[in-house]
file my_file-v2.txt (compact mmCIF, C-alpha atoms)
# COMPACT_ATOMS: atom_id res chain seq x y z
CA MET A 1 131.24 100.70 92.48
CA THR A 2 131.00 97.00 91.70
CA ARG A 3 131.21 96.00 88.04
CA HIS A 4 129.55 92.92 86.62
CA THR A 5 129.73 91.01 83.38
CA VAL A 6 126.30 90.60 81.87
CA THR A 7 125.51 88.17 79.07
CA LEU A 8 121.99 88.16 77.71
CA VAL A 9 119.95 87.60 74.55
CA VAL A 10 118.02 90.52 73.10
CA ASN A 11 115.82 89.93 70.04
CA GLY A 12 117.74 86.74 69.32
CA THR A 13 121.22 88.30 69.48
CA THR A 14 123.62 87.46 72.33
CA TYR A 15 125.43 90.40 73.94
CA THR A 16 128.13 90.50 76.64
CA ARG A 17 128.95 93.79 78.39
CA GLU A 18 130.61 95.05 81.58
CA VAL A 19 128.24 97.20 83.64
CA ASP A 20 128.05 99.04 86.94
CA ALA A 21 125.86 97.26 89.48
CA ARG A 22 123.72 100.39 89.69
CA LYS A 23 122.87 100.64 85.99
CA LEU A 24 119.19 100.38 85.12
CA LEU A 25 118.18 97.82 82.52
CA CYS A 26 116.51 100.48 80.34
CA ASP A 27 119.70 102.58 80.27
CA PHE A 28 121.78 99.47 79.56
CA ILE A 29 119.57 98.58 76.59
CA ARG A 30 119.82 102.10 75.16
CA GLU A 31 123.38 103.11 76.01
CA ASP A 32 125.33 99.85 76.12
CA LEU A 33 123.45 97.91 73.44
CA GLY A 34 122.48 100.93 71.32
CA LEU A 35 118.86 99.78 71.06
CA THR A 36 117.05 103.08 71.38
CA GLY A 37 113.63 101.71 70.51
CA THR A 38 113.06 101.30 74.24
CA HIS A 39 112.04 104.73 75.51
CA VAL A 40 112.63 106.09 79.00
CA GLY A 41 109.90 108.40 80.27
CA CYS A 42 109.29 108.76 83.98
CA GLU A 43 112.07 106.51 85.28
CA HIS A 44 109.95 105.32 88.19
CA GLY A 45 107.54 102.78 86.81
CA GLN A 46 104.54 104.98 86.09
CA CYS A 47 104.56 105.60 82.34
CA GLY A 48 105.34 102.20 80.78
CA SER A 49 107.40 103.65 77.88
CA CYS A 50 110.29 101.35 78.79
CA THR A 51 108.16 98.18 78.70
CA ILE A 52 110.05 95.17 77.33
CA PHE A 53 109.59 91.40 77.32
CA PHE A 54 111.69 89.78 80.05
CA LYS A 55 111.55 85.97 80.06
CA GLY A 56 108.29 86.00 78.13
CA VAL A 57 106.35 88.59 80.14
CA THR A 58 106.21 92.37 79.97
CA VAL A 59 108.08 94.36 82.62
CA LYS A 60 109.12 97.98 83.04
CA SER A 61 112.85 98.00 82.33
CA CYS A 62 113.40 101.12 84.48
CA LEU A 63 112.46 99.06 87.53
CA MET A 64 115.15 96.47 86.91
CA LEU A 65 118.91 96.58 87.09
CA ALA A 66 120.96 95.45 84.11
CA VAL A 67 122.72 92.80 86.23
CA GLN A 68 119.36 91.18 86.93
CA ALA A 69 119.01 90.40 83.24
CA HIS A 70 122.15 88.25 83.16
CA GLY A 71 121.30 85.00 81.36
CA ALA A 72 117.82 86.20 80.39
CA GLU A 73 116.07 86.45 77.06
CA LEU A 74 114.59 89.86 76.20
CA LYS A 75 112.50 91.29 73.40
CA THR A 76 112.34 95.02 72.66
CA ALA A 77 110.42 97.01 70.05
CA GLU A 78 113.23 96.34 67.54
CA GLY A 79 112.43 92.64 67.81
CA LEU A 80 108.88 93.00 66.51
CA SER A 81 109.57 93.35 62.79
CA SER A 82 111.20 90.57 60.82
CA ASP A 83 112.84 90.50 57.36
CA GLY A 84 112.24 94.24 57.05
CA LYS A 85 108.51 93.73 57.45
CA PHE A 86 106.38 95.30 60.15
CA HIS A 87 104.70 93.11 62.73
CA PRO A 88 100.88 93.10 62.26
CA ILE A 89 100.60 95.16 65.48
CA GLN A 90 102.94 97.80 64.00
CA GLU A 91 100.97 97.82 60.74
CA ALA A 92 97.72 98.24 62.65
CA PHE A 93 99.09 101.21 64.64
CA TRP A 94 100.26 102.83 61.39
CA GLU A 95 96.97 102.29 59.56
CA ASN A 96 94.75 103.37 62.46
CA HIS A 97 96.74 106.42 63.52
CA GLY A 98 97.55 104.72 66.83
CA LEU A 99 100.30 107.21 67.61
CA GLN A 100 100.99 110.90 67.42
CA CYS A 101 104.34 111.83 68.98
CA GLY A 102 105.34 108.15 69.23
CA PHE A 103 107.02 108.32 72.62
CA CYS A 104 104.76 105.74 74.28
CA THR A 105 104.49 103.57 71.15
CA PRO A 106 107.24 100.97 71.83
CA GLY A 107 105.68 100.17 75.21
CA MET A 108 102.18 100.13 73.74
CA LEU A 109 103.25 97.70 70.99
CA LEU A 110 104.80 95.29 73.48
CA SER A 111 101.85 95.47 75.90
CA ALA A 112 99.57 94.81 72.93
CA LEU A 113 101.65 91.79 71.93
CA HIS A 114 101.57 90.44 75.50
CA LEU A 115 97.78 90.73 75.49
CA LEU A 116 97.24 89.20 72.04
CA GLN A 117 99.52 86.25 72.79
CA SER A 118 97.21 85.06 75.57
CA ASN A 119 93.94 86.56 74.34
CA PRO A 120 93.64 86.67 70.52
CA ASN A 121 90.14 88.17 70.63
CA PRO A 122 90.06 90.81 73.39
CA THR A 123 87.11 93.03 74.26
CA GLU A 124 87.58 96.80 74.48
CA ARG A 125 87.65 96.54 78.28
CA GLU A 126 90.35 93.85 78.15
CA ILE A 127 92.42 96.00 75.79
CA ARG A 128 92.10 99.01 78.08
CA LEU A 129 93.11 96.94 81.13
CA ALA A 130 96.07 95.50 79.20
CA ILE A 131 97.45 98.98 78.44
CA ALA A 132 96.62 100.41 81.88
CA GLY A 133 100.36 100.46 82.64
CA ASN A 134 101.18 102.54 79.54
CA LEU A 135 100.53 106.26 79.51
CA CYS A 136 99.87 108.19 76.29
CA ARG A 137 99.58 111.96 76.50
CA CYS A 138 98.58 112.55 72.85
CA THR A 139 95.94 110.23 71.51
CA GLY A 140 93.38 109.92 74.27
CA TYR A 141 93.83 106.15 73.74
CA VAL A 142 90.90 105.83 71.32
CA ASN A 143 93.04 105.11 68.27
CA ILE A 144 95.41 102.92 70.28
CA VAL A 145 92.49 100.71 71.35
CA LYS A 146 91.27 100.71 67.74
CA SER A 147 94.75 99.72 66.52
CA ILE A 148 94.97 96.79 68.94
CA ARG A 149 91.52 95.59 67.84
CA ALA A 150 92.68 95.77 64.23
CA ALA A 151 95.94 94.00 65.11
CA ALA A 152 93.95 91.16 66.67
CA GLU A 153 92.03 90.74 63.39
CA LYS A 154 95.24 90.86 61.33
CA MET A 155 96.93 88.27 63.52
CA LYS A 156 93.92 85.95 63.29
CA LEU A 157 93.98 86.28 59.48
CA GLY A 158 97.73 85.65 59.49
CA GLN A 159 97.23 82.50 61.54
CA ALA A 160 94.49 81.33 59.21
CA ALA A 161 96.75 81.87 56.19
CA GLN A 162 99.52 79.86 57.82
CA ASN A 163 97.24 76.99 58.88
CA PRO A 164 94.54 76.79 56.22
CA MET B 1 122.30 90.76 105.66
CA GLU B 2 124.01 90.27 109.03
CA LYS B 3 127.16 91.87 107.70
CA TYR B 4 125.53 95.00 106.25
CA GLY B 5 122.55 95.44 108.59
CA ASP B 6 120.55 98.60 107.84
CA GLU B 7 122.83 99.44 104.89
CA ALA B 8 121.42 96.56 102.86
CA LYS B 9 118.01 96.14 101.27
CA ILE B 10 116.49 92.99 99.83
CA LEU B 11 115.47 93.38 96.18
CA ALA B 12 112.56 91.13 95.22
CA GLY B 13 110.20 92.29 92.45
CA GLY B 14 111.45 95.86 92.82
CA GLN B 15 108.11 97.47 91.99
CA SER B 16 108.21 99.61 95.15
CA LEU B 17 111.91 99.65 96.03
CA MET B 18 113.23 100.54 92.54
CA PRO B 19 111.08 103.70 92.18
CA LEU B 20 112.31 104.81 95.62
CA ILE B 21 115.91 104.20 94.56
CA ASN B 22 115.42 105.92 91.19
CA MET B 23 114.03 108.99 92.94
CA ARG B 24 116.92 108.85 95.46
CA LEU B 25 114.41 108.49 98.31
CA ALA B 26 116.19 105.26 99.23
CA ARG B 27 119.98 104.98 98.92
CA PRO B 28 120.92 101.48 100.07
CA ALA B 29 124.67 100.78 99.99
CA VAL B 30 124.02 97.13 99.17
CA LEU B 31 121.17 95.45 97.30
CA VAL B 32 120.64 91.73 97.80
CA ASP B 33 118.79 90.36 94.77
CA ILE B 34 116.78 87.29 95.81
CA ASN B 35 115.18 86.66 92.41
CA ARG B 36 117.54 83.80 91.61
CA ILE B 37 116.62 81.78 94.71
CA SER B 38 114.70 78.84 93.29
CA GLY B 39 111.72 77.24 94.97
CA LEU B 40 110.43 80.40 96.66
CA ASP B 41 107.58 81.03 94.23
CA PHE B 42 105.29 78.24 95.44
CA ILE B 43 101.57 78.54 96.17
CA ARG B 44 100.16 75.49 97.94
CA GLU B 45 97.60 74.36 100.47
CA GLU B 46 98.97 73.11 103.80
CA ASP B 47 96.77 72.00 106.71
CA GLY B 48 93.83 74.17 105.70
CA SER B 49 96.01 77.22 105.08
CA MET B 50 97.33 78.76 101.90
CA ALA B 51 101.13 78.92 101.87
CA ILE B 52 102.52 81.50 99.46
CA GLY B 53 106.25 81.71 98.74
CA ALA B 54 107.86 85.13 99.01
CA LEU B 55 108.74 85.19 95.28
CA ALA B 56 105.28 84.26 93.98
CA ARG B 57 104.54 87.03 91.46
CA HIS B 58 101.22 88.89 91.55
CA ALA B 59 100.25 87.42 88.16
CA LYS B 60 100.67 83.95 89.63
CA VAL B 61 98.53 84.84 92.66
CA ALA B 62 95.87 86.22 90.29
CA SER B 63 95.68 83.00 88.27
CA SER B 64 96.39 80.38 90.95
CA GLU B 65 93.83 77.55 90.93
CA VAL B 66 94.84 76.62 94.49
CA LEU B 67 93.96 80.12 95.69
CA LYS B 68 90.81 80.40 93.58
CA LYS B 69 89.56 77.33 95.43
CA GLY B 70 90.97 77.92 98.93
CA CYS B 71 91.21 81.69 99.31
CA PRO B 72 89.58 83.42 96.32
CA MET B 73 89.84 86.83 97.99
CA LEU B 74 93.56 86.88 97.08
CA PRO B 75 93.26 86.33 93.30
CA HIS B 76 90.35 88.80 93.33
CA ALA B 77 92.47 91.41 95.14
CA ALA B 78 95.43 90.76 92.80
CA GLN B 79 93.64 92.26 89.80
CA PHE B 80 93.66 95.67 91.52
CA VAL B 81 97.42 95.66 92.16
CA GLY B 82 99.25 97.99 89.78
CA ASP B 83 99.10 97.04 86.10
CA VAL B 84 100.10 94.08 83.90
CA GLN B 85 103.82 94.89 84.05
CA VAL B 86 103.77 95.37 87.83
CA ARG B 87 101.94 92.07 88.26
CA SER B 88 104.50 90.27 86.04
CA ARG B 89 107.29 91.30 88.33
CA GLY B 90 106.01 92.25 91.81
CA THR B 91 106.17 89.57 94.49
CA PHE B 92 103.82 88.60 97.31
CA GLY B 93 106.57 88.57 99.95
CA GLY B 94 107.89 91.92 98.76
CA CYS B 95 104.45 93.49 98.95
CA ILE B 96 103.96 92.23 102.53
CA ALA B 97 107.45 93.29 103.66
CA HIS B 98 107.04 96.75 102.08
CA ALA B 99 103.97 97.22 104.34
CA ASP B 100 102.17 99.92 102.42
CA PRO B 101 99.00 100.51 104.48
CA ALA B 102 96.94 100.85 101.28
CA ALA B 103 98.17 97.54 99.79
CA GLU B 104 95.52 94.96 98.88
CA PHE B 105 97.52 91.86 99.86
CA GLY B 106 98.49 93.16 103.30
CA ALA B 107 94.81 93.88 103.89
CA VAL B 108 93.72 90.35 102.99
CA VAL B 109 96.43 88.72 105.13
CA TYR B 110 95.57 91.02 108.05
CA THR B 111 91.81 90.59 107.76
CA LEU B 112 91.97 86.80 107.63
CA GLY B 113 94.65 86.55 110.33
CA GLY B 114 97.65 85.16 108.48
CA GLU B 115 101.23 84.51 109.50
CA ILE B 116 104.56 85.60 108.09
CA VAL B 117 107.60 83.29 108.07
CA ALA B 118 110.83 85.25 108.60
CA GLN B 119 114.18 83.60 107.97
CA GLU B 120 117.66 84.50 109.17
CA ILE B 121 120.92 82.58 109.12
CA LYS B 122 120.26 80.92 112.48
CA GLY B 123 116.75 79.78 111.64
CA SER B 124 113.23 81.01 111.10
CA ARG B 125 110.31 82.29 113.15
CA VAL B 126 106.61 82.65 112.49
CA ILE B 127 105.17 86.12 113.11
CA PRO B 128 101.38 86.48 113.50
CA VAL B 129 100.24 89.26 111.17
CA THR B 130 98.82 91.15 114.18
CA GLU B 131 102.44 91.57 115.35
CA PHE B 132 103.92 92.19 111.89
CA PHE B 133 102.69 95.59 110.68
CA LEU B 134 103.92 98.25 113.11
CA ASP B 135 103.43 101.45 111.15
CA ALA B 136 103.34 102.69 107.54
CA LEU B 137 106.20 100.92 105.68
CA THR B 138 107.43 99.52 109.01
CA THR B 139 107.32 95.89 110.14
CA SER B 140 108.68 93.83 113.02
CA LEU B 141 111.23 92.20 110.67
CA LYS B 142 114.82 92.50 111.89
CA PRO B 143 117.28 94.04 109.40
CA TYR B 144 118.88 90.60 108.92
CA GLU B 145 115.59 88.73 108.43
CA MET B 146 113.81 87.97 105.18
CA VAL B 147 110.20 87.00 104.51
CA THR B 148 110.21 83.54 102.90
CA GLU B 149 106.55 82.57 103.14
CA VAL B 150 103.16 84.00 104.01
CA ARG B 151 100.32 81.81 105.30
CA VAL B 152 96.69 82.77 104.92
CA PRO B 153 93.77 80.81 106.41
CA SER B 154 91.39 79.13 103.97
CA LEU B 155 88.08 80.83 103.18
CA GLN B 156 86.25 77.60 102.44
CA GLY B 157 82.72 77.59 103.82
CA LYS B 158 82.77 81.37 104.25
CA LEU B 159 81.29 84.23 102.29
CA TRP B 160 83.45 87.21 101.44
CA SER B 161 83.54 90.51 99.61
CA PHE B 162 86.37 92.91 98.82
CA ARG B 163 86.33 96.36 97.33
CA GLY B 164 88.47 99.47 97.36
CA ILE B 165 88.07 102.90 95.86
CA ALA B 166 91.02 104.47 94.06
CA PRO B 167 91.25 107.73 92.09
CA ARG B 168 92.23 105.75 88.99
CA PHE B 169 92.18 102.01 88.26
CA GLY B 170 95.38 100.40 89.58
CA ASP B 171 96.24 103.31 91.87
CA MET B 172 96.59 102.90 95.61
CA VAL B 173 93.14 103.00 97.23
CA LEU B 174 91.77 105.96 99.16
CA ALA B 175 89.93 103.39 101.26
CA GLY B 176 89.32 99.67 100.95
CA ILE B 177 87.31 97.06 102.84
CA ALA B 178 87.60 93.27 103.04
CA VAL B 179 84.74 91.34 104.62
CA ALA B 180 84.56 87.61 105.42
CA LEU B 181 81.61 86.06 107.26
CA GLU B 182 80.34 82.64 108.21
CA LEU B 183 76.56 82.44 108.39
CA ASP B 184 74.53 79.55 109.82
CA GLY B 185 71.50 78.00 108.09
CA GLY B 186 69.21 80.68 109.47
CA GLY B 187 71.46 83.47 108.16
CA ASN B 188 72.84 84.38 111.59
CA CYS B 189 76.49 85.34 111.61
CA ARG B 190 78.77 83.11 113.67
CA TRP B 191 82.19 84.35 112.56
CA SER B 192 83.10 87.75 111.18
CA ARG B 193 86.05 89.71 109.87
CA ILE B 194 85.99 93.29 108.64
CA GLY B 195 89.36 94.57 107.44
CA MET B 196 90.09 98.16 106.44
CA PHE B 197 93.01 99.45 104.38
CA GLY B 198 94.23 102.84 103.23
CA VAL B 199 92.58 104.35 106.31
CA GLY B 200 95.30 103.97 108.92
CA SER B 201 99.06 103.61 109.23
CA THR B 202 98.64 99.82 108.94
CA PRO B 203 95.79 97.58 107.80
CA LEU B 204 93.09 97.62 110.49
CA ARG B 205 90.23 95.48 111.68
CA ALA B 206 86.92 96.98 112.73
CA SER B 207 86.71 94.71 115.77
CA LYS B 208 83.72 96.38 117.44
CA SER B 209 81.83 96.12 114.17
CA GLU B 210 82.82 92.46 113.85
CA GLU B 211 81.40 91.77 117.33
CA LYS B 212 78.19 93.62 116.57
CA ILE B 213 77.37 91.32 113.65
CA LEU B 214 77.84 88.11 115.64
CA GLY B 215 74.59 86.24 116.25
CA ASN B 216 72.68 88.58 113.94
CA ARG B 217 71.22 88.48 110.46
CA LEU B 218 72.35 90.93 107.77
CA GLU B 219 69.33 93.18 107.84
CA GLU B 220 69.40 96.67 106.37
CA LYS B 221 69.19 98.37 109.77
CA LEU B 222 72.13 96.36 111.12
CA ILE B 223 74.18 96.99 107.96
CA ALA B 224 73.77 100.75 108.39
CA GLU B 225 74.75 100.48 112.05
CA ILE B 226 77.85 98.36 111.32
CA ALA B 227 78.92 100.68 108.49
CA GLY B 228 78.72 103.67 110.83
CA GLN B 229 80.60 101.80 113.55
CA ALA B 230 83.39 100.78 111.13
CA ALA B 231 83.72 104.37 109.89
CA ALA B 232 84.24 105.42 113.53
CA GLU B 233 86.90 102.72 113.97
CA ALA B 234 88.92 103.79 110.90
CA GLU B 235 91.96 105.99 111.52
CA PRO B 236 92.31 107.86 108.23
CA ALA B 237 94.68 110.75 107.61
CA SER B 238 94.18 113.68 105.26
CA ASP B 239 96.53 114.03 102.33
CA ILE B 240 96.66 115.47 98.83
CA HIS B 241 94.38 112.68 97.51
CA ALA B 242 91.52 112.87 100.02
CA SER B 243 90.55 114.31 103.39
CA ALA B 244 90.19 112.10 106.46
CA SER B 245 86.45 112.74 106.62
CA TYR B 246 85.99 111.75 102.96
CA ARG B 247 87.91 108.52 103.61
CA ARG B 248 85.65 107.83 106.61
CA GLU B 249 82.59 108.26 104.37
CA LEU B 250 84.14 105.81 101.88
CA VAL B 251 84.58 103.28 104.71
CA ARG B 252 80.92 103.65 105.65
CA TRP B 253 79.80 103.19 102.03
CA LEU B 254 82.19 100.30 101.31
CA VAL B 255 81.32 98.33 104.46
CA ALA B 256 77.62 98.59 103.59
CA TRP B 257 78.32 97.63 99.96
CA ASN B 258 80.38 94.60 100.98
CA LEU B 259 77.85 93.40 103.59
CA ARG B 260 75.03 93.66 101.03
CA SER B 261 77.17 91.74 98.57
CA VAL B 262 77.64 88.95 101.14
CA ARG B 263 73.88 88.94 101.85
CA GLN B 264 73.22 88.64 98.11
CA GLN B 265 75.63 85.68 97.85
CA GLN B 266 73.85 83.96 100.73
CA GLN B 267 70.46 84.42 99.10
CA GLU B 268 71.79 83.04 95.82
CA LYS B 269 73.30 80.06 97.65
CA LYS B 270 69.95 79.26 99.24
CA GLN B 271 68.08 79.23 95.92
call {"tool": "encode", "arguments": {"input": "my_file-v2.txt", "output": "structure tokens"}}
result
Amino acid sequence: MTRHTVTLVVNGTTYTREVDARKLLCDFIREDLGLTGTHVGCEHGQCGSCTIFFKGVTVKSCLMLAVQAHGAELKTAEGLSSDGKFHPIQEAFWENHGLQCGFCTPGMLLSALHLLQSNPNPTEREIRLAIAGNLCRCTGYVNIVKSIRAAAEKMKLGQAAQNP
Amino acid sequence: MEKYGDEAKILAGGQSLMPLINMRLARPAVLVDINRISGLDFIREEDGSMAIGALARHAKVASSEVLKKGCPMLPHAAQFVGDVQVRSRGTFGGCIAHADPAAEFGAVVYTLGGEIVAQEIKGSRVIPVTEFFLDALTTSLKPYEMVTEVRVPSLQGKLWSFRGIAPRFGDMVLAGIAVALELDGGGNCRWSRIGMFGVGSTPLRASKSEEKILGNRLEEKLIAEIAGQAAAEAEPASDIHASASYRRELVRWLVAWNLRSVRQQQQEKKQ
């Protein structure tokens, strides 16, 4: 089995590790970097639990190999909060009961962020299309959609406060 | 690729190959990751054709201004491929080389009569799409060849419609139809393409139906006739998702829907 040296930036921190060529990126993030906020559900690209930001766009980290991330910049669920404070999307999920068991939540948060970055005022249909790659088996999605709507409002208010 | 032959697989976006590997349905000894090859993600117009680089991601196809102008059926079809994450990562060349008979992009390229550029160490060749798809997940690519570019004719001056039916949004279709027509001032058809996907082991064209439209106007009686003819030309199989006869009914309904949509566009254009 070929081994590779992988250097990459995750949530602003640079890591260097030796990995097997066959190791999936999601397993690398959890096992080699110890960042267990990225969840692994189906392991074949159906459930979206392992969604992360890879070079600025969301991807399913179970459909990539760790070696492919060499030199790349990643963001995982751990990278959402800053200075011990929740990201507005995390606050909105908390306040609107946007999770029950929480397994799908990291992927949902990142898909929501991806949407709100390009579309700060999404319709319900746009929200539902944006999370079409993320399965939730608890909530029935209603409160997740509500949370993302609320997050959009919070982020707009946050922007307004920063640029009065 | 010459060294490893069948043992090696090219890894592009990985949205089809990686699930197969994860489920141990594919066990390639060697993976050749082409994602770091620069300059293969272009989308440009060349001599009236759209040239799409093998590494152009689905999201780029969906938002490409060049395609929206020259071949809007492709960005339209892109929105039905997978989900946001799949479209961030999946590539046009990978989708074509994977040759899933229910894939939207393969259907558009086949319907419009595109070409595939295949590269090997010694040089490249251009394969007409009619000689590319051999069977489900099987193409005429040699084990040491790689798709570098796909060319699709422009749709300018033509009317088109595209629709598939899937059990859930973003799933593979049970049946899908792509229609492109050129109508003269009197509404008579002088060029026609009716492509079918998900209803055969490769994308198909309903060539008898295409001929039947030529020289005619899109009247309700003709639409019903063409839809029935296309349903007869489909080669659907039964599986866990739908029976062959249900898929044939979907073809009939979708062809009629698409032809009416084209007729509607023509009427709006006239006004």
call {"tool": "closest_atom_pairs", "arguments": {"input": "my_file-v2.txt", "of": "chain B", "to": "chain A", "cutoff": "8 Å", "atoms": "all atoms listed in the file", "output": "Markdown table"}}
result
| residue | atom | partner | partner_atom | distance |
| --- | --- | --- | --- | --- |
| B:Gly14 | CA | A:Leu63 | CA | 6.3 |
| B:Gln15 | CA | A:Leu63 | CA | 6.4 |
| B:Met18 | CA | A:Leu63 | CA | 5.3 |
| B:Pro19 | CA | A:His44 | CA | 4.5 |
| B:Leu20 | CA | A:His44 | CA | 7.8 |
| B:Asn22 | CA | A:His44 | CA | 6.3 |
| B:Met23 | CA | A:His44 | CA | 7.3 |
| B:Asp33 | CA | A:Gln68 | CA | 7.9 |
| B:Gly82 | CA | A:Gly133 | CA | 7.6 |
| B:Asp83 | CA | A:Gly133 | CA | 5.0 |
| B:Val84 | CA | A:Ala130 | CA | 6.4 |
| B:Gln85 | CA | A:Val59 | CA | 4.5 |
| B:Val86 | CA | A:Val59 | CA | 6.8 |
| B:Ser88 | CA | A:Val57 | CA | 6.4 |
| B:Arg89 | CA | A:Val59 | CA | 6.5 |
| B:Phe169 | CA | A:Ala132 | CA | 7.9 |
| B:Gly170 | CA | A:Ala132 | CA | 7.8 |
call {"tool": "residues_around", "arguments": {"input": "my_file-v2.txt", "residues": "range 188-205 of chain B", "least_positions_apart": "3", "cutoff": "8 Å", "atoms": "only C-alpha atoms", "output": "PyMOL selection string"}}
result
chain B and resi 99-104+106-108+110-112+133-136+172-185+209-211+213-218+234-237+247-248+251
call {"tool": "write_last_selection", "arguments": {"input": "my_file-v2.txt", "atoms": "C-alpha atoms", "output": "tab-separated table (two decimals), keeping the file's coordinate frame"}}
result
chain	number	residue	atom	x	y	z
B	99	ALA	CA	103.97	97.22	104.34
B	100	ASP	CA	102.17	99.92	102.42
B	101	PRO	CA	99.00	100.51	104.48
B	102	ALA	CA	96.94	100.85	101.28
B	103	ALA	CA	98.17	97.54	99.79
B	104	GLU	CA	95.52	94.96	98.88
B	106	GLY	CA	98.49	93.16	103.30
B	107	ALA	CA	94.81	93.88	103.89
B	108	VAL	CA	93.72	90.35	102.99
B	110	TYR	CA	95.57	91.02	108.05
B	111	THR	CA	91.81	90.59	107.76
B	112	LEU	CA	91.97	86.80	107.63
B	133	PHE	CA	102.69	95.59	110.68
B	134	LEU	CA	103.92	98.25	113.11
B	135	ASP	CA	103.43	101.45	111.15
B	136	ALA	CA	103.34	102.69	107.54
B	172	MET	CA	96.59	102.90	95.61
B	173	VAL	CA	93.14	103.00	97.23
B	174	LEU	CA	91.77	105.96	99.16
B	175	ALA	CA	89.93	103.39	101.26
B	176	GLY	CA	89.32	99.67	100.95
B	177	ILE	CA	87.31	97.06	102.84
B	178	ALA	CA	87.60	93.27	103.04
B	179	VAL	CA	84.74	91.34	104.62
B	180	ALA	CA	84.56	87.61	105.42
B	181	LEU	CA	81.61	86.06	107.26
B	182	GLU	CA	80.34	82.64	108.21
B	183	LEU	CA	76.56	82.44	108.39
B	184	ASP	CA	74.53	79.55	109.82
B	185	GLY	CA	71.50	78.00	108.09
B	209	SER	CA	81.83	96.12	114.17
B	210	GLU	CA	82.82	92.46	113.85
B	211	GLU	CA	81.40	91.77	117.33
B	213	ILE	CA	77.37	91.32	113.65
B	214	LEU	CA	77.84	88.11	115.64
B	215	GLY	CA	74.59	86.24	116.25
B	216	ASN	CA	72.68	88.58	113.94
B	217	ARG	CA	71.22	88.48	110.46
B	218	LEU	CA	72.35	90.93	107.77
B	234	ALA	CA	88.92	103.79	110.90
B	235	GLU	CA	91.96	105.99	111.52
B	236	PRO	CA	92.31	107.86	108.23
B	237	ALA	CA	94.68	110.75	107.61
B	247	ARG	CA	87.91	108.52	103.61
B	248	ARG	CA	85.65	107.83	106.61
B	251	VAL	CA	84.58	103.28	104.71
call {"tool": "residues_around", "arguments": {"input": "my_file-v2.txt", "residues": "range 135-146 of chain A", "least_positions_apart": "3", "cutoff": "9 Å", "atoms": "only C-alpha atoms", "output": "mmCIF file with C-alpha atoms, in the frame of the given file"}}
result
data_model
loop_
_atom_site.group_PDB
_atom_site.id
_atom_site.type_symbol
_atom_site.label_atom_id
_atom_site.label_comp_id
_atom_site.auth_asym_id
_atom_site.auth_seq_id
_atom_site.Cartn_x
_atom_site.Cartn_y
_atom_site.Cartn_z
ATOM 1 C CA GLN A 46 104.540 104.980 86.090
ATOM 2 C CA CYS A 47 104.560 105.600 82.340
ATOM 3 C CA GLY A 48 105.340 102.200 80.780
ATOM 4 C CA SER A 49 107.400 103.650 77.880
ATOM 5 C CA ALA A 92 97.720 98.240 62.650
ATOM 6 C CA PHE A 93 99.090 101.210 64.640
ATOM 7 C CA ASN A 96 94.750 103.370 62.460
ATOM 8 C CA HIS A 97 96.740 106.420 63.520
ATOM 9 C CA GLY A 98 97.550 104.720 66.830
ATOM 10 C CA LEU A 99 100.300 107.210 67.610
ATOM 11 C CA GLN A 100 100.990 110.900 67.420
ATOM 12 C CA CYS A 101 104.340 111.830 68.980
ATOM 13 C CA GLY A 102 105.340 108.150 69.230
ATOM 14 C CA PHE A 103 107.020 108.320 72.620
ATOM 15 C CA CYS A 104 104.760 105.740 74.280
ATOM 16 C CA THR A 105 104.490 103.570 71.150
ATOM 17 C CA MET A 108 102.180 100.130 73.740
ATOM 18 C CA GLU A 124 87.580 96.800 74.480
ATOM 19 C CA ILE A 127 92.420 96.000 75.790
ATOM 20 C CA ARG A 128 92.100 99.010 78.080
ATOM 21 C CA ILE A 131 97.450 98.980 78.440
ATOM 22 C CA ALA A 132 96.620 100.410 81.880
ATOM 23 C CA ARG A 149 91.520 95.590 67.840
ATOM 24 C CA ALA A 150 92.680 95.770 64.230
ATOM 25 C CA ALA A 151 95.940 94.000 65.110
#
call {"tool": "atom_distance", "arguments": {"input": "my_file-v2.txt", "atom1": "CA of His87 in chain A", "atom2": "CA of Lys154 in chain A"}}
result
9.8 Å
call {"tool": "atom_distance", "arguments": {"input": "my_file-v2.txt", "atom1": "CA of Ser49 in chain B", "atom2": "CA of Gly70 in chain B"}}
result
8.0 Å
call {"tool": "build_atoms", "arguments": {"input": "my_file-v2.txt", "residues": "range 9-14 of chain B", "atoms": "N, CA and C atoms", "output": "PDB file, in the frame of the given file"}}
result
ATOM      1  N   LYS B   9     119.434  96.357 101.519  1.00  0.00           N
ATOM      2  CA  LYS B   9     118.010  96.140 101.270  1.00  0.00           C
ATOM      3  C   LYS B   9     117.853  94.902 100.400  1.00  0.00           C
ATOM      4  N   ILE B  10     116.778  94.146 100.672  1.00  0.00           N
ATOM      5  CA  ILE B  10     116.490  92.990  99.830  1.00  0.00           C
ATOM      6  C   ILE B  10     115.715  93.469  98.606  1.00  0.00           C
ATOM      7  N   LEU B  11     116.158  93.036  97.428  1.00  0.00           N
ATOM      8  CA  LEU B  11     115.470  93.380  96.180  1.00  0.00           C
ATOM      9  C   LEU B  11     114.707  92.156  95.692  1.00  0.00           C
ATOM     10  N   ALA B  12     113.382  92.231  95.743  1.00  0.00           N
ATOM     11  CA  ALA B  12     112.560  91.130  95.220  1.00  0.00           C
ATOM     12  C   ALA B  12     112.029  91.575  93.859  1.00  0.00           C
ATOM     13  N   GLY B  13     110.742  91.868  93.744  1.00  0.00           N
ATOM     14  CA  GLY B  13     110.200  92.290  92.450  1.00  0.00           C
ATOM     15  C   GLY B  13     110.632  93.701  92.075  1.00  0.00           C
ATOM     16  N   GLY B  14     110.935  94.515  93.076  1.00  0.00           N
ATOM     17  CA  GLY B  14     111.450  95.860  92.820  1.00  0.00           C
ATOM     18  C   GLY B  14     110.400  96.891  92.404  1.00  0.00           C
TER      19      GLY B  14
END
